[in-house]
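Shown next: data.cif, containing mmCIF, C-alpha atoms.
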```cif
data_work
loop_
_atom_site.label_atom_id
_atom_site.label_comp_id
_atom_site.auth_asym_id
_atom_site.auth_seq_id
_atom_site.Cartn_x
_atom_site.Cartn_y
_atom_site.Cartn_z
CA MET A 1 91.12 117.31 109.79
CA THR A 2 88.46 114.82 110.88
CA THR A 3 84.70 115.42 110.83
CA ARG A 4 84.66 115.67 114.61
CA ASP A 5 87.42 118.31 114.56
CA ARG A 6 85.50 120.32 112.00
CA GLN A 7 82.35 120.13 114.14
CA ILE A 8 84.24 121.36 117.22
CA GLU A 9 85.81 124.21 115.27
CA ARG A 10 82.39 125.21 113.90
CA ARG A 11 80.91 125.28 117.41
CA TRP A 12 83.76 127.46 118.69
CA GLU A 13 83.18 129.79 115.78
CA GLN A 14 79.50 130.02 116.63
CA LEU A 15 80.35 130.74 120.29
CA HIS A 16 82.76 133.53 119.35
CA THR A 17 80.21 135.02 116.96
CA TRP A 18 77.06 134.88 119.06
CA GLY A 19 78.50 134.70 122.61
CA PRO A 20 78.91 138.49 123.08
CA TYR A 21 75.29 139.02 121.90
CA GLY A 22 74.05 136.51 124.44
CA LEU A 23 76.12 137.90 127.31
CA LEU A 24 75.01 141.45 126.49
CA GLY A 25 71.38 140.31 126.42
CA ILE A 26 71.75 138.50 129.77
CA SER A 27 73.32 141.63 131.29
CA VAL A 28 70.48 143.87 130.08
CA VAL A 29 67.78 141.48 131.34
CA LEU A 30 69.41 141.15 134.78
CA ALA A 31 70.02 144.90 135.02
CA VAL A 32 66.37 145.66 134.28
CA ALA A 33 65.12 142.91 136.58
CA SER A 34 67.28 144.16 139.48
CA SER A 35 66.68 147.88 138.95
CA GLY A 36 65.05 148.13 142.38
CA LEU A 37 68.26 147.02 144.10
CA PHE A 38 70.27 149.98 142.89
CA ASP A 39 69.55 153.64 143.25
CA HIS A 40 70.16 154.78 139.67
CA SER A 41 69.65 158.36 138.67
CA ALA A 42 68.02 159.36 135.41
CA ALA A 43 71.41 160.30 133.99
CA GLN A 44 72.71 156.83 134.84
CA TRP A 45 69.68 155.23 133.18
CA TRP A 46 70.21 157.23 130.01
CA ALA A 47 73.96 156.57 130.06
CA GLY A 48 73.35 152.85 130.62
CA TRP A 49 70.90 152.53 127.75
CA SER A 50 73.14 154.60 125.46
CA LEU A 51 76.18 152.47 126.28
CA ALA A 52 74.17 149.26 125.83
CA GLY A 53 73.00 150.50 122.42
CA ALA A 54 76.57 151.40 121.49
CA ALA A 55 77.68 147.91 122.53
CA LEU A 56 74.99 146.39 120.30
CA VAL A 57 76.06 148.58 117.36
CA LEU A 58 79.67 147.57 117.98
CA GLN A 59 78.74 143.88 117.93
CA LEU A 60 76.74 144.28 114.71
CA GLY A 61 79.62 146.12 113.04
CA TRP A 62 82.14 143.48 114.09
CA HIS A 63 79.77 140.73 112.96
CA ALA A 64 79.59 142.38 109.52
CA ILE A 65 83.40 142.42 109.34
CA ARG A 66 83.56 138.70 110.20
CA VAL A 67 81.01 137.87 107.52
CA ARG A 68 82.56 140.00 104.76
CA ARG A 69 86.20 139.30 105.60
CA PRO A 70 86.46 135.94 107.39
CA GLY A 71 90.25 135.95 107.52
CA ARG A 72 90.42 139.37 109.17
CA GLY A 73 87.75 138.50 111.71
CA ARG A 74 89.25 135.20 112.79
CA THR A 75 92.95 136.01 113.17
CA PRO A 76 94.69 138.49 115.54
CA SER A 77 94.98 141.95 113.97
CA ARG A 78 94.99 145.65 114.75
CA THR A 79 91.30 145.84 113.86
CA GLY A 80 90.55 143.00 116.24
CA THR A 81 92.59 144.70 119.00
CA ALA A 82 90.68 147.96 118.47
CA TYR A 83 87.36 146.10 118.69
CA TYR A 84 88.50 144.36 121.90
CA VAL A 85 89.58 147.65 123.53
CA VAL A 86 86.36 149.49 122.63
CA ARG A 87 84.24 146.57 123.83
CA TRP A 88 86.19 146.43 127.10
CA ALA A 89 85.72 150.17 127.63
CA LEU A 90 81.97 149.90 127.04
CA ALA A 91 81.74 146.87 129.35
CA PHE A 92 83.75 148.65 132.06
CA ALA A 93 81.51 151.72 131.88
CA LEU A 94 78.35 149.60 131.94
CA THR A 95 79.66 147.56 134.91
CA TRP A 96 80.41 150.82 136.75
CA ILE A 97 76.75 151.73 136.30
CA ASP A 98 75.35 148.25 137.00
CA PRO A 99 77.47 145.26 138.20
CA PHE A 100 75.33 142.78 136.25
CA PHE A 101 77.01 143.98 133.05
CA ALA A 102 80.05 141.97 134.22
CA PHE A 103 78.51 139.13 132.19
CA TYR A 104 79.12 141.21 129.07
CA ALA A 105 82.63 142.07 130.31
CA ALA A 106 83.33 138.31 130.63
CA SER A 107 83.16 138.01 126.82
CA GLY A 108 86.76 139.28 126.90
CA PHE A 109 87.80 135.89 128.34
CA MET A 110 86.53 134.06 125.24
CA ASP A 111 88.30 135.68 122.32
CA ALA A 112 91.44 137.52 123.49
CA ASP A 113 93.63 134.93 121.67
CA GLU A 114 91.57 135.40 118.49
CA LEU A 115 91.60 139.20 118.43
CA ILE A 116 94.88 140.43 119.98
CA PRO A 117 98.29 139.63 118.40
CA GLY A 118 101.08 138.33 120.64
CA THR A 119 101.03 136.50 123.94
CA VAL A 120 101.77 139.62 126.00
CA GLY A 121 98.89 141.57 124.43
CA GLN A 122 96.53 138.66 125.01
CA ARG A 123 97.53 138.42 128.70
CA VAL A 124 96.98 142.18 129.12
CA GLY A 125 93.52 141.83 127.57
CA LEU A 126 92.66 138.97 129.93
CA PHE A 127 93.88 141.02 132.93
CA ALA A 128 91.78 144.01 131.90
CA SER A 129 88.68 141.85 131.62
CA ALA A 130 89.50 140.25 134.99
CA VAL A 131 89.64 143.73 136.57
CA THR A 132 86.14 144.57 135.29
CA VAL A 133 84.64 141.23 136.39
CA ALA A 134 86.37 141.36 139.81
CA GLY A 135 85.02 144.90 140.37
CA ALA A 136 81.49 143.60 139.89
CA GLN A 137 82.13 140.54 142.07
CA ALA A 138 83.46 142.77 144.86
CA GLY A 139 80.15 144.64 145.04
CA GLY A 140 80.34 147.05 142.14
CA LEU A 141 82.36 150.11 141.33
CA PRO A 142 83.20 152.50 142.94
CA PHE A 143 84.14 150.81 146.22
CA GLY A 144 82.96 152.28 149.46
CA SER A 145 85.27 150.55 151.96
CA GLY A 146 88.79 149.16 152.36
CA LEU A 147 87.40 145.62 152.68
CA GLN A 148 86.01 145.90 149.15
CA TRP A 149 89.44 146.93 147.88
CA ILE A 150 91.04 143.90 149.54
CA LEU A 151 88.31 141.64 148.16
CA PHE A 152 88.74 143.26 144.75
CA ALA A 153 92.52 142.61 144.74
CA ALA A 154 92.00 138.94 145.68
CA LEU A 155 89.33 138.50 143.00
CA VAL A 156 91.50 140.16 140.34
CA LEU A 157 94.34 137.79 141.22
CA ALA A 158 92.06 134.73 141.22
CA ASN A 159 90.37 135.64 137.94
CA SER A 160 93.67 136.51 136.26
CA VAL A 161 95.42 133.32 137.36
CA LEU A 162 92.45 131.20 136.35
CA GLN A 163 92.02 132.78 132.94
CA MET A 164 95.74 132.80 132.15
CA ALA A 165 96.04 129.16 133.17
CA ILE A 166 93.14 128.34 130.87
CA ALA A 167 94.74 130.39 128.10
CA HIS A 168 98.05 128.56 128.60
CA MET A 169 96.38 125.15 128.43
CA THR A 170 94.45 126.25 125.36
CA ASP A 171 97.69 127.35 123.68
CA GLN A 172 99.33 124.02 124.55
CA GLU A 173 96.38 122.06 123.18
CA ALA A 174 96.36 124.15 120.00
CA ARG A 175 100.09 123.52 119.56
CA ARG A 176 99.63 119.76 120.06
CA SER A 177 96.73 119.80 117.64
CA ARG A 178 98.88 121.54 115.00
CA GLU A 179 101.68 119.02 115.59
CA ARG A 180 99.25 116.11 115.23
CA THR A 181 97.88 117.60 112.05
CA GLU A 182 101.39 118.07 110.65
CA THR A 183 102.32 114.50 111.65
CA ILE A 184 99.22 113.06 110.02
CA THR A 185 99.88 115.10 106.88
CA GLU A 186 103.49 113.89 106.77
CA LEU A 187 102.39 110.28 107.29
CA GLU A 188 99.84 110.58 104.51
CA ARG A 189 102.53 112.05 102.23
CA THR A 190 104.92 109.22 103.17
CA ASN A 191 102.25 106.56 102.63
CA THR A 192 101.43 108.05 99.24
CA ALA A 193 105.10 108.04 98.24
CA LEU A 194 105.49 104.46 99.51
CA GLN A 195 102.43 103.29 97.58
CA GLN A 196 103.76 104.97 94.44
CA ALA A 197 107.10 103.24 94.95
CA LEU A 198 105.35 99.88 95.42
CA ASP A 199 103.27 100.43 92.29
CA GLU A 200 106.37 101.40 90.31
CA ASN A 201 108.21 98.35 91.64
CA ALA A 202 105.34 96.04 90.70
CA ALA A 203 105.17 97.58 87.22
CA LEU A 204 108.93 97.24 86.82
CA HIS A 205 108.80 93.61 87.97
CA ALA A 206 106.04 92.85 85.48
CA GLN A 207 107.98 94.64 82.74
CA LEU A 208 111.11 92.64 83.54
CA LEU A 209 109.16 89.40 83.36
CA VAL A 210 107.68 90.38 80.01
CA GLN A 211 111.11 91.34 78.69
CA ALA A 212 112.59 88.09 79.97
CA ARG A 213 109.80 86.13 78.31
CA GLU A 214 110.25 88.00 75.03
CA ALA A 215 114.01 87.52 75.24
CA GLY A 216 113.44 83.80 75.84
CA VAL A 217 111.19 83.56 72.81
CA ALA A 218 113.72 85.40 70.67
CA ASP A 219 116.53 83.20 72.00
CA GLU A 220 114.55 80.05 71.25
CA ARG A 221 113.85 81.27 67.72
CA ARG A 222 117.54 81.98 67.17
CA ARG A 223 118.41 78.56 68.54
CA LEU A 224 115.96 76.82 66.23
CA ALA A 225 117.14 78.87 63.26
CA ALA A 226 120.74 77.94 63.99
CA GLU A 227 119.88 74.25 64.42
CA ILE A 228 117.88 74.16 61.19
CA HIS A 229 120.69 75.91 59.34
CA ASP A 230 123.45 73.76 60.82
CA THR A 231 121.69 70.39 60.63
CA ILE A 232 118.58 70.07 58.49
CA ALA A 233 119.54 72.61 55.80
CA GLN A 234 123.04 71.20 55.50
CA GLY A 235 121.65 67.68 55.42
CA LEU A 236 119.23 68.55 52.64
CA THR A 237 122.06 70.22 50.70
CA GLY A 238 124.12 67.06 51.06
CA ILE A 239 121.22 64.88 49.90
CA ILE A 240 120.75 67.03 46.80
CA ALA A 241 124.46 66.80 46.05
CA GLN A 242 124.43 63.00 46.38
CA LEU A 243 121.36 62.66 44.14
CA GLN A 244 123.01 64.84 41.51
CA VAL A 245 125.99 62.47 41.53
CA VAL A 246 123.61 59.51 41.15
CA ALA A 247 122.00 61.12 38.14
CA ASN A 248 125.37 61.26 36.43
CA ALA A 249 126.84 58.02 37.80
CA PRO A 250 128.66 55.91 35.14
CA ASP A 251 127.70 52.58 36.74
CA LEU A 252 125.25 51.03 39.19
CA THR A 253 127.82 50.51 41.99
CA THR A 254 128.68 54.21 42.13
CA ALA A 255 125.00 55.15 42.04
CA ARG A 256 124.18 52.73 44.87
CA THR A 257 127.02 54.11 47.00
CA HIS A 258 125.75 57.67 46.66
CA LEU A 259 122.15 56.56 47.24
CA ASP A 260 123.24 54.96 50.51
CA ARG A 261 124.94 58.20 51.50
CA ALA A 262 121.80 60.19 50.61
CA ALA A 263 119.65 57.81 52.70
CA THR A 264 122.01 58.18 55.64
CA LEU A 265 121.85 61.95 55.38
CA ALA A 266 118.06 61.80 55.12
CA ARG A 267 117.77 59.66 58.26
CA HIS A 268 120.10 61.99 60.11
CA SER A 269 118.14 65.09 58.99
CA LEU A 270 114.89 63.40 60.02
CA GLY A 271 116.32 62.79 63.47
CA GLU A 272 117.41 66.42 63.73
CA ALA A 273 113.97 67.60 62.60
CA ARG A 274 112.27 65.45 65.22
CA ARG A 275 114.62 66.70 67.90
CA SER A 276 113.94 70.34 66.97
CA VAL A 277 110.20 69.77 66.94
CA GLN A 278 110.33 68.04 70.32
CA ASN A 279 112.03 71.07 71.78
CA LEU A 280 108.97 73.19 70.93
CA ALA A 281 105.71 73.19 72.91
CA PRO A 282 105.29 69.68 74.37
CA ILE A 283 102.33 67.61 73.26
CA ALA A 284 101.66 66.72 76.92
CA LEU A 285 100.58 70.33 77.55
CA GLU A 286 98.11 70.45 74.68
CA HIS A 287 95.15 69.47 76.87
CA ASP A 288 96.52 69.48 80.45
CA GLY A 289 98.12 72.01 82.78
CA LEU A 290 101.67 71.61 84.04
CA PRO A 291 100.82 69.64 87.23
CA GLU A 292 98.77 67.06 85.30
CA ALA A 293 101.36 66.85 82.49
CA LEU A 294 104.18 66.29 85.00
CA LYS A 295 102.14 63.67 86.83
CA ASN A 296 101.54 61.73 83.60
CA THR A 297 105.16 62.12 82.50
CA VAL A 298 106.53 60.84 85.81
CA ALA A 299 104.07 57.90 85.85
CA GLU A 300 104.91 56.89 82.27
CA TRP A 301 108.63 57.20 82.96
CA GLY A 302 108.32 55.00 86.05
CA GLU A 303 106.40 52.31 84.14
CA ARG A 304 108.92 52.36 81.29
CA THR A 305 112.03 52.19 83.46
CA GLY A 306 110.74 50.13 86.37
CA VAL A 307 111.99 52.79 88.83
CA ARG A 308 109.71 53.90 91.67
CA ALA A 309 108.72 57.46 90.75
CA GLU A 310 106.54 59.85 92.77
CA PHE A 311 105.12 63.26 91.92
CA THR A 312 103.94 65.89 94.45
CA VAL A 313 102.40 69.38 94.17
CA THR A 314 102.75 71.88 97.04
CA GLY A 315 101.07 75.26 97.35
CA ILE A 316 98.06 76.48 95.40
CA ALA A 317 98.38 75.37 91.78
CA GLU A 318 97.86 78.12 89.20
CA GLN A 319 97.50 78.20 85.43
CA LEU A 320 100.96 79.14 84.19
CA HIS A 321 102.04 80.87 81.04
CA ASP A 322 102.59 78.40 78.19
CA GLU A 323 106.32 79.07 77.97
CA VAL A 324 106.85 78.61 81.71
CA SER A 325 104.96 75.30 81.61
CA ALA A 326 106.86 74.11 78.53
CA THR A 327 110.24 75.03 80.04
CA LEU A 328 109.62 73.21 83.32
CA LEU A 329 108.22 70.14 81.57
CA ARG A 330 111.25 69.96 79.23
CA ILE A 331 113.61 70.28 82.20
CA ALA A 332 111.77 67.47 83.99
CA GLN A 333 111.87 65.24 80.90
CA GLU A 334 115.60 65.81 80.42
CA ALA A 335 116.30 65.23 84.13
CA LEU A 336 114.33 61.95 84.08
CA SER A 337 116.10 60.91 80.90
CA ASN A 338 119.48 61.55 82.55
CA ALA A 339 118.40 59.59 85.62
CA ALA A 340 117.40 56.62 83.45
CA ARG A 341 120.65 56.62 81.48
CA HIS A 342 123.20 57.44 84.15
CA ALA A 343 121.89 57.43 87.73
CA ARG A 344 120.97 53.74 88.23
CA ALA A 345 118.42 54.99 90.75
CA THR A 346 115.80 52.90 92.57
CA ARG A 347 113.64 55.87 93.52
CA VAL A 348 112.94 59.27 91.97
CA GLY A 349 110.85 62.10 93.43
CA VAL A 350 109.51 65.09 91.48
CA THR A 351 107.97 68.06 93.33
CA LEU A 352 106.29 71.13 91.82
CA SER A 353 105.99 73.99 94.33
CA PHE A 354 103.94 77.19 93.88
CA LEU A 355 105.49 79.84 96.15
CA GLY A 356 103.73 83.15 95.54
CA GLU A 357 105.94 84.83 92.94
CA ASP A 358 108.01 81.77 91.99
CA VAL A 359 107.55 78.19 90.80
CA ILE A 360 110.12 75.57 91.83
CA LEU A 361 110.64 72.17 90.19
CA ASP A 362 112.69 69.69 92.23
CA ILE A 363 113.90 66.30 90.89
CA ARG A 364 115.71 64.00 93.33
CA ASP A 365 117.05 60.47 92.90
CA ASP A 366 118.96 58.01 95.07
CA GLY A 367 121.31 56.98 92.25
CA GLN A 368 125.07 56.83 92.07
CA GLY A 369 125.46 60.62 91.74
CA PHE A 370 128.37 62.45 90.16
CA ASP A 371 130.82 65.30 90.64
CA PRO A 372 129.26 68.46 89.10
CA LEU A 373 132.73 69.92 88.62
CA ALA A 374 133.96 66.94 86.59
CA LEU A 375 131.24 66.49 83.98
CA PRO A 376 132.27 64.89 80.68
CA GLU A 377 132.08 66.81 77.43
CA ARG A 378 128.70 66.71 75.76
CA THR A 379 128.59 64.27 72.84
CA ARG A 380 126.51 64.29 69.71
CA THR A 381 124.54 61.28 70.94
CA GLY A 382 124.02 62.75 74.39
CA GLY A 383 120.93 64.46 75.67
CA PHE A 384 120.23 68.09 76.14
CA GLY A 385 122.39 68.06 79.29
CA LEU A 386 122.66 70.25 82.37
CA ASP A 387 123.87 73.20 80.32
CA GLY A 388 120.77 72.97 78.15
CA MET A 389 118.44 72.76 81.15
CA ARG A 390 120.15 75.74 82.74
CA ALA A 391 119.85 77.70 79.49
CA ARG A 392 116.13 76.89 79.34
CA ALA A 393 115.60 78.21 82.88
CA GLU A 394 117.64 81.35 82.24
CA ARG A 395 115.64 82.16 79.10
CA ILE A 396 112.63 82.91 81.31
CA ALA A 397 114.66 84.69 84.05
CA GLY A 398 115.01 81.52 86.13
CA THR A 399 117.86 79.54 87.69
CA LEU A 400 118.94 75.91 87.86
CA ALA A 401 120.79 74.45 90.86
CA VAL A 402 122.36 70.98 90.97
CA GLU A 403 123.56 69.16 94.09
CA SER A 404 125.24 65.80 93.74
CA GLU A 405 128.20 63.74 94.84
CA PRO A 406 129.29 60.23 93.95
CA GLY A 407 127.28 57.59 95.78
CA HIS A 408 124.74 60.00 97.30
CA GLY A 409 122.25 60.68 94.53
CA THR A 410 121.37 63.89 92.73
CA ALA A 411 119.06 66.82 93.49
CA LEU A 412 118.13 69.25 90.75
CA SER A 413 116.07 72.41 91.41
CA ALA A 414 114.74 74.82 88.78
CA ARG A 415 113.28 78.12 90.07
CA VAL A 416 111.43 80.39 87.61
CA PRO A 417 109.10 83.41 88.02
CA LEU A 418 105.40 82.59 88.34
CA VAL A 419 103.95 84.15 85.20
CA ARG A 420 100.25 83.43 85.00
CA HIS A 421 98.42 82.40 81.87
CA GLU A 422 97.12 85.43 79.98
#
```

Mind turning this structure into structure tokens?
Amino acid sequence: MTTRDRQIERRWEQLHTWGPYGLLGISVVLAVASSGLFDHSAAQWWAGWSLAGAALVLQLGWHAIRVRRPGRGRTPSRTGTAYYVVRWALAFALTWIDPFFAFYAASGFMDADELIPGTVGQRVGLFASAVTVAGAQAGGLPFGSGLQWILFAALVLANSVLQMAIAHMTDQEARRSRERTETITELERTNTALQQALDENAALHAQLLVQAREAGVADERRRLAAEIHDTIAQGLTGIIAQLQVVANAPDLTTARTHLDRAATLARHSLGEARRSVQNLAPIALEHDGLPEALKNTVAEWGERTGVRAEFTVTGIAEQLHDEVSATLLRIAQEALSNAARHARATRVGVTLSFLGEDVILDIRDDGQGFDPLALPERTRTGGFGLDGMRARAERIAGTLAVESEPGHGTALSARVPLVRHE
């Protein structure tokens, strides 16, 4: 309920509470002021004042009920019906004595719907009040001529139709108001549920990104552990074995042979160590963000290979999480390395796009292209390869798409979630 609705309801409440007092007071003042117009006997004067006093006592008693028991005084009930009937009887008797008390009788038009249960009972109450008011309007009870009776019947009909039409419109407006209130309540409940669903979805999305990042870190650690075990550790074991043979060699030729083998193993292990280290956080990101690091990488690659290379940033650049930056930079480096070795391109374009919740890295060249379905097996001397780049993207919940065909260049696109720097 709005503030304006509460103000209107409070004013109606004040009218229902103090309206009968005011109408009774107006009736008394007008009756006294017009006493010379009517030939009242002493008995009528005493009866009038007694009934007026009884009406005041009735109003005070009902007011006390409304104050002590608000629910009972503001909703239709038997007590309210009894109050309405007694008030109508007092108003009818007072109007019989003096027609100006019809103002007090008109209070029955204000609160029949609040006091009497049921539509039929309310309409009967309105009709009874209309009879009292019409009697006063026709010249006062009792009537002295047939013309007054005809006028009285017409006035009863007019007052009844008018008041019942007003009551019907009031009921319709109250029903529409209740429906609007229920609709607003339902909309608020729906909006609350929708906001909760959005908050839960955002929290779930953030949780998934964190889990993907943690899974990527764990996967990278397992990869490095496996590489160290399969390459460097085995190489060092081989070197130790060769040096042990040298220590026990019977002649210089045998010792030199095993020393050469140990040196070869050492060089190979050094290469593997460098490769493993290079696959960690790139040095290019030590002082620069991803856009600057990619710009420098593309420029250096272009100078080294003599191929025209361009770098572009679209969208609003943001500081990315270290692992996202490292992954995209490694993918770009591997893609450029592949272009230099295999593409025979004359032009390469690299674009970094910030698209709200995602970051997209596109690398395009105009080289000789290839058939993605007929890639050769990866060799020991080969680079990290498309499979490796795809694995890097998937470690952080991303994807890698490759489009190429012989003679029409290659387009590579890596899309990963935009995880901001913490």

- Message: Excluding region 120-129 of chain A and its own-chain neighbours fewer than 2 positions away, which residues fall within 6 Å of it when counting all atoms listed in the file? Please give them as a ChimeraX atom specification.
- Response: /A:108-109,112-113,116,118,131-132,160

- Task: Could you give me, as number ranges by chain, the residues within 10 Å of Arg87 (chain A), counting only C-alpha atoms and dropping anything in the same chain fewer than 4 positions from it?
- Result: A: 20, 54-56, 58-59, 81-83, 91-93, 104-105, 107-108

- Message: Expand the PyMOL selection byres ((chain A and resi 38-47) around 12) into the explicit residue set it covers here, and present it as a list in words.
- Response: Val28, Ala31, Val32, Ala33, Ser34, Ser35, Gly36, Leu37, Gly48, Trp49, Ser50, Leu51, Ala52, Gly53, Ala54, Leu90, Ala93, Leu94, Thr95, Trp96, Ile97, Asp98, Pro99, Phe100, Gly139 and Gly140 of chain A

- Name the residues that the PyMOL selection byres ((chain A and resi 405-409) around 9) picks from the file above, as a PyMOL selection string, using the file's chain letters and numbers. chain A and resi 343+345+364-372+403-404+410-411

- When you draw a straight line from CA of Thr327 (chain A) to CA of His287 (chain A), how long is it in Å?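 It comes out at 16.4 Å.
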
- Query: Suppose you want the space between CA of Ala218 (chain A) and CA of Leu285 (chain A); what is it in Å?
  - Reply: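 Between these atoms lies a distance of 21.1 Å.
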
- Take CA of Ala309 (chain A) and CA of Leu294 (chain A) and report the distance between them in Å, one decimal. 11.5 Å

Can you list, as a PDB file with C-alpha atoms, in the coordinates of the input, every protein, DNA or RNA residue that comes within 12 Å of Ala414 (chain A) when you count all atoms listed in the file, leaving out same-chain residues fewer than 5 positions away?
```
ATOM      1  CA  VAL A 324     106.850  78.610  81.710  1.00  0.00           C
ATOM      2  CA  THR A 327     110.240  75.030  80.040  1.00  0.00           C
ATOM      3  CA  LEU A 328     109.620  73.210  83.320  1.00  0.00           C
ATOM      4  CA  LEU A 329     108.220  70.140  81.570  1.00  0.00           C
ATOM      5  CA  ARG A 330     111.250  69.960  79.230  1.00  0.00           C
ATOM      6  CA  ILE A 331     113.610  70.280  82.200  1.00  0.00           C
ATOM      7  CA  ALA A 332     111.770  67.470  83.990  1.00  0.00           C
ATOM      8  CA  ALA A 335     116.300  65.230  84.130  1.00  0.00           C
ATOM      9  CA  VAL A 350     109.510  65.090  91.480  1.00  0.00           C
ATOM     10  CA  THR A 351     107.970  68.060  93.330  1.00  0.00           C
ATOM     11  CA  LEU A 352     106.290  71.130  91.820  1.00  0.00           C
ATOM     12  CA  SER A 353     105.990  73.990  94.330  1.00  0.00           C
ATOM     13  CA  ASP A 358     108.010  81.770  91.990  1.00  0.00           C
ATOM     14  CA  VAL A 359     107.550  78.190  90.800  1.00  0.00           C
ATOM     15  CA  ILE A 360     110.120  75.570  91.830  1.00  0.00           C
ATOM     16  CA  LEU A 361     110.640  72.170  90.190  1.00  0.00           C
ATOM     17  CA  ASP A 362     112.690  69.690  92.230  1.00  0.00           C
ATOM     18  CA  ILE A 363     113.900  66.300  90.890  1.00  0.00           C
ATOM     19  CA  ARG A 364     115.710  64.000  93.330  1.00  0.00           C
ATOM     20  CA  LEU A 386     122.660  70.250  82.370  1.00  0.00           C
ATOM     21  CA  MET A 389     118.440  72.760  81.150  1.00  0.00           C
ATOM     22  CA  ARG A 390     120.150  75.740  82.740  1.00  0.00           C
ATOM     23  CA  ALA A 391     119.850  77.700  79.490  1.00  0.00           C
ATOM     24  CA  ARG A 392     116.130  76.890  79.340  1.00  0.00           C
ATOM     25  CA  ALA A 393     115.600  78.210  82.880  1.00  0.00           C
ATOM     26  CA  GLU A 394     117.640  81.350  82.240  1.00  0.00           C
ATOM     27  CA  ILE A 396     112.630  82.910  81.310  1.00  0.00           C
ATOM     28  CA  ALA A 397     114.660  84.690  84.050  1.00  0.00           C
ATOM     29  CA  GLY A 398     115.010  81.520  86.130  1.00  0.00           C
ATOM     30  CA  THR A 399     117.860  79.540  87.690  1.00  0.00           C
ATOM     31  CA  LEU A 400     118.940  75.910  87.860  1.00  0.00           C
ATOM     32  CA  ALA A 401     120.790  74.450  90.860  1.00  0.00           C
ATOM     33  CA  VAL A 402     122.360  70.980  90.970  1.00  0.00           C
ATOM     34  CA  GLU A 403     123.560  69.160  94.090  1.00  0.00           C
TER      35      GLU A 403
END
```

- Message: Ranking A:Leu204, A:Leu187, A:Leu373, A:Met110 by minimum distance to Thr170 (chain A) and counting only C-alpha atoms, which one comes first?
- Response: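 The answer is A:Met110, which sits nearest to Thr170 (chain A).
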
- Query: Any chance you could work out the residue set of the PyMOL selection byres ((chain A and resi 262) around 9) here, as a ChimeraX atom specification?
  - Reply: /A:235-236,238-243,257-261,263-267

Write the residues of the preceding selection, restricted to C-alpha atoms, as a PDB file, in the coordinates of the input.
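For reference, part_14.pdb as written:
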```
ATOM      1  CA  GLY A 235     121.650  67.680  55.420  1.00  0.00           C
ATOM      2  CA  LEU A 236     119.230  68.550  52.640  1.00  0.00           C
ATOM      3  CA  GLY A 238     124.120  67.060  51.060  1.00  0.00           C
ATOM      4  CA  ILE A 239     121.220  64.880  49.900  1.00  0.00           C
ATOM      5  CA  ILE A 240     120.750  67.030  46.800  1.00  0.00           C
ATOM      6  CA  ALA A 241     124.460  66.800  46.050  1.00  0.00           C
ATOM      7  CA  GLN A 242     124.430  63.000  46.380  1.00  0.00           C
ATOM      8  CA  LEU A 243     121.360  62.660  44.140  1.00  0.00           C
ATOM      9  CA  THR A 257     127.020  54.110  47.000  1.00  0.00           C
ATOM     10  CA  HIS A 258     125.750  57.670  46.660  1.00  0.00           C
ATOM     11  CA  LEU A 259     122.150  56.560  47.240  1.00  0.00           C
ATOM     12  CA  ASP A 260     123.240  54.960  50.510  1.00  0.00           C
ATOM     13  CA  ARG A 261     124.940  58.200  51.500  1.00  0.00           C
ATOM     14  CA  ALA A 263     119.650  57.810  52.700  1.00  0.00           C
ATOM     15  CA  THR A 264     122.010  58.180  55.640  1.00  0.00           C
ATOM     16  CA  LEU A 265     121.850  61.950  55.380  1.00  0.00           C
ATOM     17  CA  ALA A 266     118.060  61.800  55.120  1.00  0.00           C
ATOM     18  CA  ARG A 267     117.770  59.660  58.260  1.00  0.00           C
TER      19      ARG A 267
END
```

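If you measure from each of A:Leu157, A:Ala193, A:Ala106, A:Val217 to Gly22 (chain A) using only C-alpha atoms, the closest one turns out to be A:Ala106.
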